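This report concerns only the one structure given below.
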Amino acid sequence: MVIVGHSNMDTMWRDDRRSHLITRGNVDGIVSAAFFYARDPQMKVSFVTSTTAAMDVIRRDIQSREFFLVDLGVTPELLKNLQDKVKLGARIHLLDHHQQTEALKLEPLHGIDVVAYQGESAASVALRYLGMNGPNERLAAIADIVEYCKSNYLDRAEGEFGWERLREEATILDYSWRLEVDGTGPPASSPKAFGRRRSAKCSAGTCRS
Ligand SMILES: [Mn+2]
């Protein structure tokens with residue numbers, strides 16, 4: 001649906017779901033999304049490649065009343081967009097492991113909930129936030145490995161399954177999302193697309209992305 005009066009040509013959409021998770025389309029984001037889906041199968045989920053892309057998604061979504069941003073390092077511009085959403089009545093939760101998001105914990109951010117810790121994957125941050133455990137911990141551990149991070153989940157999973165097995169599973173999952181391997185045919189991505197995805201990675205504190 002197009003909003004009359006908006007001079008830009010962005011397309012708006014209508015969706016009855018009121019809770020929206022926005023995260024990266026890499027292992028850390030995919031694992032985080034799995035946790036949120038397990039908690040709320042009706043949740044709307046968007047995978048993005050950058051903070052700029054996340055801003056676009058948030059701006060277009062005029063239906064959701066609650067936004068969860070996971071694994072997205074916050075920029076001043078994104079923060080401004082989020083504060084605009086809060087003024088419109090939305091609740092915002094930032095779950096992250098990027099340095100710039102963790103720094104926000106010290107600032108008064110009315111209406112924006114910040115849960116951020118460096119040194120562990122965003123998936124581990126999300127799992128703890130959601131109060132989940134059990135088999136989910138192994139998935140968080142895999143995200144930690146791919147992100148070159150370490151958490152209690154990784155320590156426990158390593159003790160239970162062994163480092164080699166976990167690392168192999170992490171490698172397979174990381175390979176799978178990059179090449180869109182889904183078991184139904186050959187990889188869909190061209191080498192060019194593969195390179196583009198690789199370049200979407202960013203550095204983040206002690207972690208990779
Ligand atoms: Mn990450």
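For the structure tokens, the naming scheme is as follows: chains receive sequential letters (A, B, ...) according to their order of presentation, residues are indexed from 1 within each chain, and ligands are indexed from 1 in presentation order.
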
message: Using only C-alpha atoms and all ligand atoms, which residues have at least one atom no more than 12 Å from ligand 1? Output them as a PyMOL selection string.
response: chain A and resi 23-32+49-50+69-73+95-99+101+116-126+140+142-149+200-209

Could the residues in this selection be written to a file with C-alpha atoms, as a CSV table (one decimal), in the first residue's frame?
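To be explicit, this is the file written out as result.csv:
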chain,number,residue,atom,x,y,z
A,23,THR,CA,18.6,-9.1,12.0
A,24,ARG,CA,21.4,-10.1,9.7
A,25,GLY,CA,21.1,-12.9,7.2
A,26,ASN,CA,24.3,-14.7,8.4
A,27,VAL,CA,24.7,-17.5,10.9
A,28,ASP,CA,24.5,-15.2,13.9
A,29,GLY,CA,21.2,-13.6,12.6
A,30,ILE,CA,19.7,-16.9,11.4
A,31,VAL,CA,20.4,-18.6,14.8
A,32,SER,CA,18.9,-15.5,16.6
A,49,THR,CA,22.7,-7.0,5.1
A,50,SER,CA,23.4,-3.7,6.7
A,69,LEU,CA,16.9,-5.4,16.3
A,70,VAL,CA,19.5,-8.1,16.7
A,71,ASP,CA,23.1,-8.1,15.6
A,72,LEU,CA,22.9,-4.6,14.1
A,73,GLY,CA,25.5,-2.1,15.2
A,95,LEU,CA,20.1,-7.0,21.2
A,96,ASP,CA,23.6,-6.9,20.1
A,97,HIS,CA,27.3,-7.5,20.5
A,98,HIS,CA,28.7,-4.5,18.7
A,99,GLN,CA,30.8,-2.0,20.6
A,101,THR,CA,25.5,-0.6,20.7
A,116,ALA,CA,24.4,-5.6,24.5
A,117,TYR,CA,27.5,-7.5,25.4
A,118,GLN,CA,30.7,-7.7,23.5
A,119,GLY,CA,32.7,-10.9,23.4
A,120,GLU,CA,29.8,-13.3,22.6
A,121,SER,CA,27.6,-13.8,19.6
A,122,ALA,CA,24.4,-11.8,19.2
A,123,ALA,CA,22.6,-15.2,19.2
A,124,SER,CA,24.0,-15.9,22.7
A,125,VAL,CA,22.8,-12.4,23.8
A,126,ALA,CA,19.4,-13.2,22.3
A,140,ALA,CA,24.2,-20.3,20.2
A,142,ILE,CA,27.7,-22.5,16.9
A,143,ALA,CA,27.1,-18.8,16.4
A,144,ASP,CA,29.8,-18.0,18.9
A,145,ILE,CA,32.3,-20.1,16.8
A,146,VAL,CA,31.4,-18.4,13.5
A,147,GLU,CA,31.7,-15.0,15.2
A,148,TYR,CA,35.0,-15.8,16.9
A,149,CYS,CA,33.4,-15.3,20.2
A,200,ALA,CA,28.5,-7.4,3.7
A,201,LYS,CA,30.4,-8.6,6.8
A,202,CYS,CA,31.6,-5.9,9.2
A,203,SER,CA,34.0,-5.8,12.0
A,204,ALA,CA,32.7,-5.5,15.5
A,205,GLY,CA,34.7,-5.2,18.6
A,206,THR,CA,36.3,-8.6,19.3
A,207,CYS,CA,33.8,-10.3,17.0
A,208,ARG,CA,33.6,-10.6,13.3
A,209,SER,CA,30.1,-9.4,12.6

Please report, as a PDB file with N, CA and C atoms, in the first residue's frame, each residue of range 69-107 of chain A to which DSSP assigns strand (DSSP E or B) when run on this structure's backbone.
ATOM      1  N   LEU A  69      15.750  -5.500  17.204  1.00  0.00           N
ATOM      2  CA  LEU A  69      16.885  -5.405  16.290  1.00  0.00           C
ATOM      3  C   LEU A  69      18.027  -6.215  16.883  1.00  0.00           C
ATOM      4  N   VAL A  70      18.448  -7.238  16.161  1.00  0.00           N
ATOM      5  CA  VAL A  70      19.465  -8.138  16.694  1.00  0.00           C
ATOM      6  C   VAL A  70      20.684  -8.152  15.777  1.00  0.00           C
ATOM      7  N   ARG A  91       7.624   0.051  20.638  1.00  0.00           N
ATOM      8  CA  ARG A  91       8.643  -0.361  21.614  1.00  0.00           C
ATOM      9  C   ARG A  91       9.823  -0.945  20.852  1.00  0.00           C
ATOM     10  N   ILE A  92      11.027  -0.564  21.266  1.00  0.00           N
ATOM     11  CA  ILE A  92      12.227  -0.986  20.542  1.00  0.00           C
ATOM     12  C   ILE A  92      13.161  -1.743  21.486  1.00  0.00           C
ATOM     13  N   HIS A  93      13.665  -2.869  21.007  1.00  0.00           N
ATOM     14  CA  HIS A  93      14.645  -3.635  21.779  1.00  0.00           C
ATOM     15  C   HIS A  93      15.883  -3.841  20.912  1.00  0.00           C
ATOM     16  N   LEU A  94      17.030  -3.459  21.417  1.00  0.00           N
ATOM     17  CA  LEU A  94      18.288  -3.681  20.701  1.00  0.00           C
ATOM     18  C   LEU A  94      19.046  -4.797  21.402  1.00  0.00           C
ATOM     19  N   LEU A  95      19.277  -5.897  20.693  1.00  0.00           N
ATOM     20  CA  LEU A  95      20.073  -7.002  21.241  1.00  0.00           C
ATOM     21  C   LEU A  95      21.291  -7.152  20.349  1.00  0.00           C
ATOM     22  N   ASP A  96      22.472  -7.011  20.934  1.00  0.00           N
ATOM     23  CA  ASP A  96      23.624  -6.905  20.053  1.00  0.00           C
ATOM     24  C   ASP A  96      24.922  -7.248  20.767  1.00  0.00           C
TER      25      ASP A  96
END

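What separates CA of Met132 in chain A from CA of Phe35 in chain A is a distance of 8.0 Å.
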
field: Sel. of helix (DSSP H, G or I) residues, range 62-175 of chain A, as number ranges by chain
entry: A: 76-87, 99-106, 122-130, 136-146, 152-161, 163-175

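Separating CA of Leu139 in chain A from CA of Thr52 in chain A is a distance of 27.3 Å.
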
query: Between A:Ala53, A:Leu130, A:Ala90, A:Ala34, which has the minimum distance to Arg18 in chain A (counting only C-alpha atoms)?
result: A:Ala90

- request: Check the smallest atom-to-atom distance from each of A:Ala38, A:Glu77, A:Glu158, A:Lys85 to Asp61 in chain A using only C-alpha atoms, then report the winner.
  value: A:Lys85

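The closest residue to Leu21 in chain A, picked from A:Val57, A:Tyr129, A:Val48, A:Phe68 and counting only C-alpha atoms, is A:Phe68.
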
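Across A:Leu166, A:Leu78, A:Ala103, A:Val114, the tightest approach to Glu137 in chain A is made by A:Leu166 when counting only C-alpha atoms.
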
query: In Å to one decimal, how far is CA of Ile58 in chain A from CA of His20 in chain A?
result: 9.0 Å

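Compared by their closest atoms to Leu127 in chain A, and using only C-alpha atoms, the residues A:Lys105, A:Arg65, A:Arg178, A:Arg39 rank with A:Arg39 nearest.
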